[in-house]
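Asker: As input, take protein24.pdb (PDB, C-alpha atoms, pLDDT in the B column):
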ATOM      1  CA  MET A   1      49.571 103.667 113.231  1.00 84.00           C
ATOM      2  CA  ASN A   2      51.572 106.653 112.046  1.00 92.00           C
ATOM      3  CA  LYS A   3      50.514 108.315 108.816  1.00 96.00           C
ATOM      4  CA  ASP A   4      52.857 110.817 107.231  1.00 97.00           C
ATOM      5  CA  VAL A   5      51.744 113.153 104.475  1.00 97.00           C
ATOM      6  CA  ILE A   6      53.717 113.064 101.228  1.00 97.00           C
ATOM      7  CA  SER A   7      53.946 116.513  99.697  1.00 94.00           C
ATOM      8  CA  THR A   8      56.148 118.110  97.065  1.00 97.00           C
ATOM      9  CA  PRO A   9      55.913 121.270  94.978  1.00 96.00           C
ATOM     10  CA  ASN A  10      57.270 119.202  92.067  1.00 97.00           C
ATOM     11  CA  ALA A  11      53.882 117.523  91.615  1.00 97.00           C
ATOM     12  CA  PRO A  12      50.515 119.244  91.309  1.00 96.00           C
ATOM     13  CA  ALA A  13      48.803 120.368  94.475  1.00 92.00           C
ATOM     14  CA  ALA A  14      45.679 118.436  95.412  1.00 88.00           C
ATOM     15  CA  VAL A  15      42.540 119.703  93.673  1.00 80.00           C
ATOM     16  CA  GLY A  16      40.285 118.459  96.465  1.00 87.00           C
ATOM     17  CA  PRO A  17      40.260 117.248 100.051  1.00 94.00           C
ATOM     18  CA  TYR A  18      43.082 114.726  99.783  1.00 95.00           C
ATOM     19  CA  SER A  19      46.857 114.481 100.171  1.00 96.00           C
ATOM     20  CA  GLN A  20      49.327 113.998  97.330  1.00 97.00           C
ATOM     21  CA  GLY A  21      50.218 110.815  99.143  1.00 98.00           C
ATOM     22  CA  ILE A  22      50.432 109.075 102.496  1.00 98.00           C
ATOM     23  CA  ARG A  23      53.258 107.002 103.939  1.00 98.00           C
ATOM     24  CA  VAL A  24      52.521 104.289 106.470  1.00 98.00           C
ATOM     25  CA  GLY A  25      55.743 102.629 107.552  1.00 96.00           C
ATOM     26  CA  ASP A  26      57.524 101.593 104.372  1.00 97.00           C
ATOM     27  CA  ILE A  27      54.405 101.684 102.188  1.00 98.00           C
ATOM     28  CA  PHE A  28      53.665 104.771 100.073  1.00 98.00           C
ATOM     29  CA  PHE A  29      50.164 105.417  98.726  1.00 98.00           C
ATOM     30  CA  LEU A  30      50.253 108.022  95.969  1.00 98.00           C
ATOM     31  CA  SER A  31      47.035 109.742  94.975  1.00 97.00           C
ATOM     32  CA  GLY A  32      45.976 109.578  91.366  1.00 97.00           C
ATOM     33  CA  GLN A  33      47.892 112.005  89.191  1.00 97.00           C
ATOM     34  CA  ILE A  34      46.101 113.692  86.348  1.00 97.00           C
ATOM     35  CA  PRO A  35      48.129 115.541  83.699  1.00 97.00           C
ATOM     36  CA  LEU A  36      48.487 118.823  85.544  1.00 97.00           C
ATOM     37  CA  ASP A  37      51.623 120.880  85.082  1.00 97.00           C
ATOM     38  CA  PRO A  38      52.825 121.503  88.659  1.00 96.00           C
ATOM     39  CA  ALA A  39      54.205 124.926  87.689  1.00 95.00           C
ATOM     40  CA  THR A  40      50.900 126.235  86.315  1.00 95.00           C
ATOM     41  CA  GLY A  41      48.308 123.982  87.905  1.00 93.00           C
ATOM     42  CA  LYS A  42      46.733 123.575  84.468  1.00 95.00           C
ATOM     43  CA  LEU A  43      46.114 120.547  82.288  1.00 96.00           C
ATOM     44  CA  VAL A  44      48.914 119.993  79.785  1.00 97.00           C
ATOM     45  CA  GLU A  45      47.970 120.490  76.184  1.00 92.00           C
ATOM     46  CA  GLY A  46      48.223 117.689  73.693  1.00 93.00           C
ATOM     47  CA  ASP A  47      46.994 114.218  72.971  1.00 97.00           C
ATOM     48  CA  ILE A  48      46.660 111.186  75.230  1.00 98.00           C
ATOM     49  CA  CYS A  49      50.419 110.544  74.985  1.00 98.00           C
ATOM     50  CA  ALA A  50      51.265 114.024  76.272  1.00 98.00           C
ATOM     51  CA  GLN A  51      48.768 113.612  79.086  1.00 98.00           C
ATOM     52  CA  ALA A  52      50.028 110.141  80.055  1.00 98.00           C
ATOM     53  CA  GLU A  53      53.590 111.486  80.024  1.00 98.00           C
ATOM     54  CA  GLN A  54      52.674 114.249  82.489  1.00 98.00           C
ATOM     55  CA  CYS A  55      50.834 111.807  84.750  1.00 98.00           C
ATOM     56  CA  CYS A  56      53.935 109.619  84.921  1.00 98.00           C
ATOM     57  CA  LYS A  57      56.198 112.621  85.530  1.00 98.00           C
ATOM     58  CA  ASN A  58      53.964 113.623  88.436  1.00 98.00           C
ATOM     59  CA  VAL A  59      54.152 110.117  89.918  1.00 98.00           C
ATOM     60  CA  VAL A  60      57.953 110.188  89.558  1.00 98.00           C
ATOM     61  CA  ALA A  61      58.107 113.568  91.330  1.00 98.00           C
ATOM     62  CA  LEU A  62      56.166 112.176  94.292  1.00 98.00           C
ATOM     63  CA  LEU A  63      58.389 109.095  94.411  1.00 98.00           C
ATOM     64  CA  GLU A  64      61.575 111.164  94.227  1.00 98.00           C
ATOM     65  CA  SER A  65      60.368 113.349  97.103  1.00 98.00           C
ATOM     66  CA  GLN A  66      60.571 110.197  99.224  1.00 97.00           C
ATOM     67  CA  GLY A  67      63.885 108.940  97.846  1.00 98.00           C
ATOM     68  CA  LEU A  68      62.136 106.346  95.693  1.00 98.00           C
ATOM     69  CA  THR A  69      62.044 105.444  92.006  1.00 98.00           C
ATOM     70  CA  THR A  70      59.511 103.642  89.855  1.00 98.00           C
ATOM     71  CA  ALA A  71      61.392 100.424  90.736  1.00 98.00           C
ATOM     72  CA  HIS A  72      59.798 100.729  94.201  1.00 98.00           C
ATOM     73  CA  VAL A  73      56.263 100.734  92.759  1.00 98.00           C
ATOM     74  CA  VAL A  74      54.386  97.507  93.427  1.00 98.00           C
ATOM     75  CA  LYS A  75      50.921  98.457  92.095  1.00 98.00           C
ATOM     76  CA  THR A  76      49.464 101.054  89.767  1.00 98.00           C
ATOM     77  CA  THR A  77      45.964 101.862  88.653  1.00 98.00           C
ATOM     78  CA  VAL A  78      45.463 103.639  85.348  1.00 98.00           C
ATOM     79  CA  PHE A  79      42.161 105.327  84.605  1.00 98.00           C
ATOM     80  CA  ILE A  80      41.447 106.290  81.003  1.00 98.00           C
ATOM     81  CA  ALA A  81      38.480 108.035  79.448  1.00 97.00           C
ATOM     82  CA  ASP A  82      38.662 105.984  76.228  1.00 96.00           C
ATOM     83  CA  MET A  83      39.802 102.350  76.148  1.00 96.00           C
ATOM     84  CA  ASN A  84      40.879 102.888  72.533  1.00 97.00           C
ATOM     85  CA  ASP A  85      43.787 104.898  74.017  1.00 97.00           C
ATOM     86  CA  PHE A  86      45.033 101.859  75.951  1.00 97.00           C
ATOM     87  CA  PRO A  87      47.881 100.995  73.496  1.00 98.00           C
ATOM     88  CA  LYS A  88      49.142 104.603  73.434  1.00 98.00           C
ATOM     89  CA  VAL A  89      49.076 104.868  77.230  1.00 98.00           C
ATOM     90  CA  ASN A  90      50.992 101.569  77.439  1.00 97.00           C
ATOM     91  CA  GLU A  91      53.757 102.952  75.209  1.00 98.00           C
ATOM     92  CA  VAL A  92      54.245 105.933  77.529  1.00 98.00           C
ATOM     93  CA  TYR A  93      53.880 103.786  80.664  1.00 98.00           C
ATOM     94  CA  LYS A  94      56.712 101.480  79.510  1.00 97.00           C
ATOM     95  CA  LYS A  95      59.100 104.436  79.429  1.00 97.00           C
ATOM     96  CA  TYR A  96      58.649 104.887  83.196  1.00 98.00           C
ATOM     97  CA  PHE A  97      57.965 101.392  84.525  1.00 98.00           C
ATOM     98  CA  ARG A  98      60.348  98.557  83.678  1.00 94.00           C
ATOM     99  CA  GLU A  99      60.408  94.814  84.248  1.00 96.00           C
ATOM    100  CA  PRO A 100      59.523  93.402  86.588  1.00 96.00           C
ATOM    101  CA  PHE A 101      56.469  95.583  86.008  1.00 97.00           C
ATOM    102  CA  PRO A 102      54.271  96.475  88.965  1.00 98.00           C
ATOM    103  CA  ALA A 103      50.884  94.847  89.263  1.00 98.00           C
ATOM    104  CA  ARG A 104      48.377  97.048  87.443  1.00 98.00           C
ATOM    105  CA  SER A 105      44.721  97.648  86.781  1.00 98.00           C
ATOM    106  CA  CYS A 106      43.453  99.749  83.899  1.00 97.00           C
ATOM    107  CA  VAL A 107      39.909 101.019  84.018  1.00 97.00           C
ATOM    108  CA  ALA A 108      37.935 102.996  81.451  1.00 96.00           C
ATOM    109  CA  ILE A 109      35.724 105.556  83.105  1.00 94.00           C
ATOM    110  CA  LYS A 110      33.217 108.105  81.917  1.00 93.00           C
ATOM    111  CA  SER A 111      35.141 111.206  82.971  1.00 93.00           C
ATOM    112  CA  LEU A 112      38.116 112.392  85.006  1.00 93.00           C
ATOM    113  CA  PRO A 113      38.696 115.615  86.972  1.00 90.00           C
ATOM    114  CA  LEU A 114      39.215 118.775  84.936  1.00 91.00           C
ATOM    115  CA  GLY A 115      38.542 116.941  81.673  1.00 93.00           C
ATOM    116  CA  ALA A 116      41.730 114.849  81.840  1.00 95.00           C
ATOM    117  CA  GLN A 117      41.960 111.825  79.543  1.00 97.00           C
ATOM    118  CA  VAL A 118      44.122 109.742  81.895  1.00 98.00           C
ATOM    119  CA  GLU A 119      45.051 109.388  85.579  1.00 97.00           C
ATOM    120  CA  VAL A 120      47.708 107.210  87.240  1.00 98.00           C
ATOM    121  CA  GLU A 121      47.919 106.250  90.916  1.00 98.00           C
ATOM    122  CA  ALA A 122      50.595 104.126  92.559  1.00 98.00           C
ATOM    123  CA  ILE A 123      51.542 102.178  95.643  1.00 98.00           C
ATOM    124  CA  ALA A 124      55.246 101.833  96.411  1.00 98.00           C
ATOM    125  CA  ALA A 125      57.245 100.014  99.069  1.00 98.00           C
ATOM    126  CA  ARG A 126      60.733 100.532 100.414  1.00 94.00           C
TER     127      ARG A 126
END
Translate the structure described by the file into structure tokens.
Answerer:
Amino acid sequence: MNKDVISTPNAPAAVGPYSQGIRVGDIFFLSGQIPLDPATGKLVEGDICAQAEQCCKNVVALLESQGLTTAHVVKTTVFIADMNDFPKVNEVYKKYFREPFPARSCVAIKSLPLGAQVEVEAIAAR
């Protein structure tokens, strides 16, 4: 099995011992993206909508580095710190992912890295 690392300066660098993504054949596994500004490496300021927007932009940057779009995404997982933010995150999410929507899980968790309110990971296929 060949594993190729996905890496782009247009998405935040990994904040731990992991890759931005891995490609195996025509399947692309993108690590969870928290709302880090790739230019500064810092969390974006603003509410849950601003953070969800940055997460999605980071996912798009990883996809584009591989010649893909969100139409290639088959599965996402969204992690949120407060399930009350679910409707707001959905509104942002719908701006990036269109019908037919990818399969998705949304999980409320106690905390995310660096105090983020939301994280989005994706699996895409060519």
Asker: On this file, the PyMOL selection byres ((chain A and resi 38) around 9) gives some set of residues; write that set as a ChimeraX atom specification.
Answerer: /A:9-13,36-37,39-42,58
Asker: Taking the file as I've supplied it (selection: the PyMOL selection byres ((chain A and resi 26) around 12)), which residues are included? Please answer as a count of residues only.
Answerer: 19
Asker: Counting only C-alpha atoms, which residue out of A:Ser7, A:Val89, A:Glu64, A:Gly46 sits closest to Val118 in chain A?
Answerer: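 Of A:Ser7, A:Val89, A:Glu64, A:Gly46, the one nearest Val118 in chain A, counting only C-alpha atoms, is A:Val89.
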Asker: Do you have the CA of Met83 in chain A-CA of Ile48 in chain A distance handy?
Answerer: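 These two atoms are separated by 11.2 Å.
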Asker: Would you mind reading off the distance between CA of Ala116 in chain A and CA of Thr8 in chain A, one decimal, in Å?
Answerer: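 Spanning CA of Ala116 in chain A to CA of Thr8 in chain A is a straight-line distance of 21.2 Å.
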Asker: Please indicate the distance in Å from CA of Ala122 in chain A to CA of Gln33 in chain A, rounded to one decimal place.
Answerer: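 Computing the Euclidean distance for CA of Ala122 in chain A and CA of Gln33 in chain A yields 9.0 Å.
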Asker: Edge lengths and centre in Å to one decimal, as AutoDock Vina command-line options, is what I'm after for the box along x, y and z that holds all listed atoms of range 113-118 of chain A once 3 Å is added on each side.
Answerer:
--center_x 41.3 --center_y 114.3 --center_z 83.3 --size_x 11.6 --size_y 15.0 --size_z 13.4
Asker: Spell out the residues picked by the PyMOL selection byres ((chain A and resi 108) around 12) here, as a PyMOL selection string.
Answerer: chain A and resi 77-86+105-107+109-112+117-119
Asker: Counting only C-alpha atoms, which residue out of A:Gln51, A:Thr70, A:Asn90, A:Ser65 sits closest to Gly115 in chain A?
Answerer: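 Among A:Gln51, A:Thr70, A:Asn90, A:Ser65, it is A:Gln51 that comes nearest to Gly115 in chain A.
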Asker: From (58.4, 108.6, 76.9), in the file's coordinates, out to 12 Å: which residues are reached, counting all atoms listed in the file? Answer as a list in words.
Answerer: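 Every polymer residue passing the test: Cys49, Ala50, Gln51, Ala52, Glu53, Gln54, Cys55, Cys56, Lys57, Lys88, Val89, Asn90, Glu91, Val92, Tyr93, Lys94, Lys95, Tyr96 and Phe97 of chain A.
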Asker: Mind dumping the selected residues with C-alpha atoms as a PDB file, keeping the file's coordinate frame?
Answerer:
ATOM      1  CA  CYS A  49      50.419 110.544  74.985  1.00 98.00           C
ATOM      2  CA  ALA A  50      51.265 114.024  76.272  1.00 98.00           C
ATOM      3  CA  GLN A  51      48.768 113.612  79.086  1.00 98.00           C
ATOM      4  CA  ALA A  52      50.028 110.141  80.055  1.00 98.00           C
ATOM      5  CA  GLU A  53      53.590 111.486  80.024  1.00 98.00           C
ATOM      6  CA  GLN A  54      52.674 114.249  82.489  1.00 98.00           C
ATOM      7  CA  CYS A  55      50.834 111.807  84.750  1.00 98.00           C
ATOM      8  CA  CYS A  56      53.935 109.619  84.921  1.00 98.00           C
ATOM      9  CA  LYS A  57      56.198 112.621  85.530  1.00 98.00           C
ATOM     10  CA  LYS A  88      49.142 104.603  73.434  1.00 98.00           C
ATOM     11  CA  VAL A  89      49.076 104.868  77.230  1.00 98.00           C
ATOM     12  CA  ASN A  90      50.992 101.569  77.439  1.00 97.00           C
ATOM     13  CA  GLU A  91      53.757 102.952  75.209  1.00 98.00           C
ATOM     14  CA  VAL A  92      54.245 105.933  77.529  1.00 98.00           C
ATOM     15  CA  TYR A  93      53.880 103.786  80.664  1.00 98.00           C
ATOM     16  CA  LYS A  94      56.712 101.480  79.510  1.00 97.00           C
ATOM     17  CA  LYS A  95      59.100 104.436  79.429  1.00 97.00           C
ATOM     18  CA  TYR A  96      58.649 104.887  83.196  1.00 98.00           C
ATOM     19  CA  PHE A  97      57.965 101.392  84.525  1.00 98.00           C
TER      20      PHE A  97
END
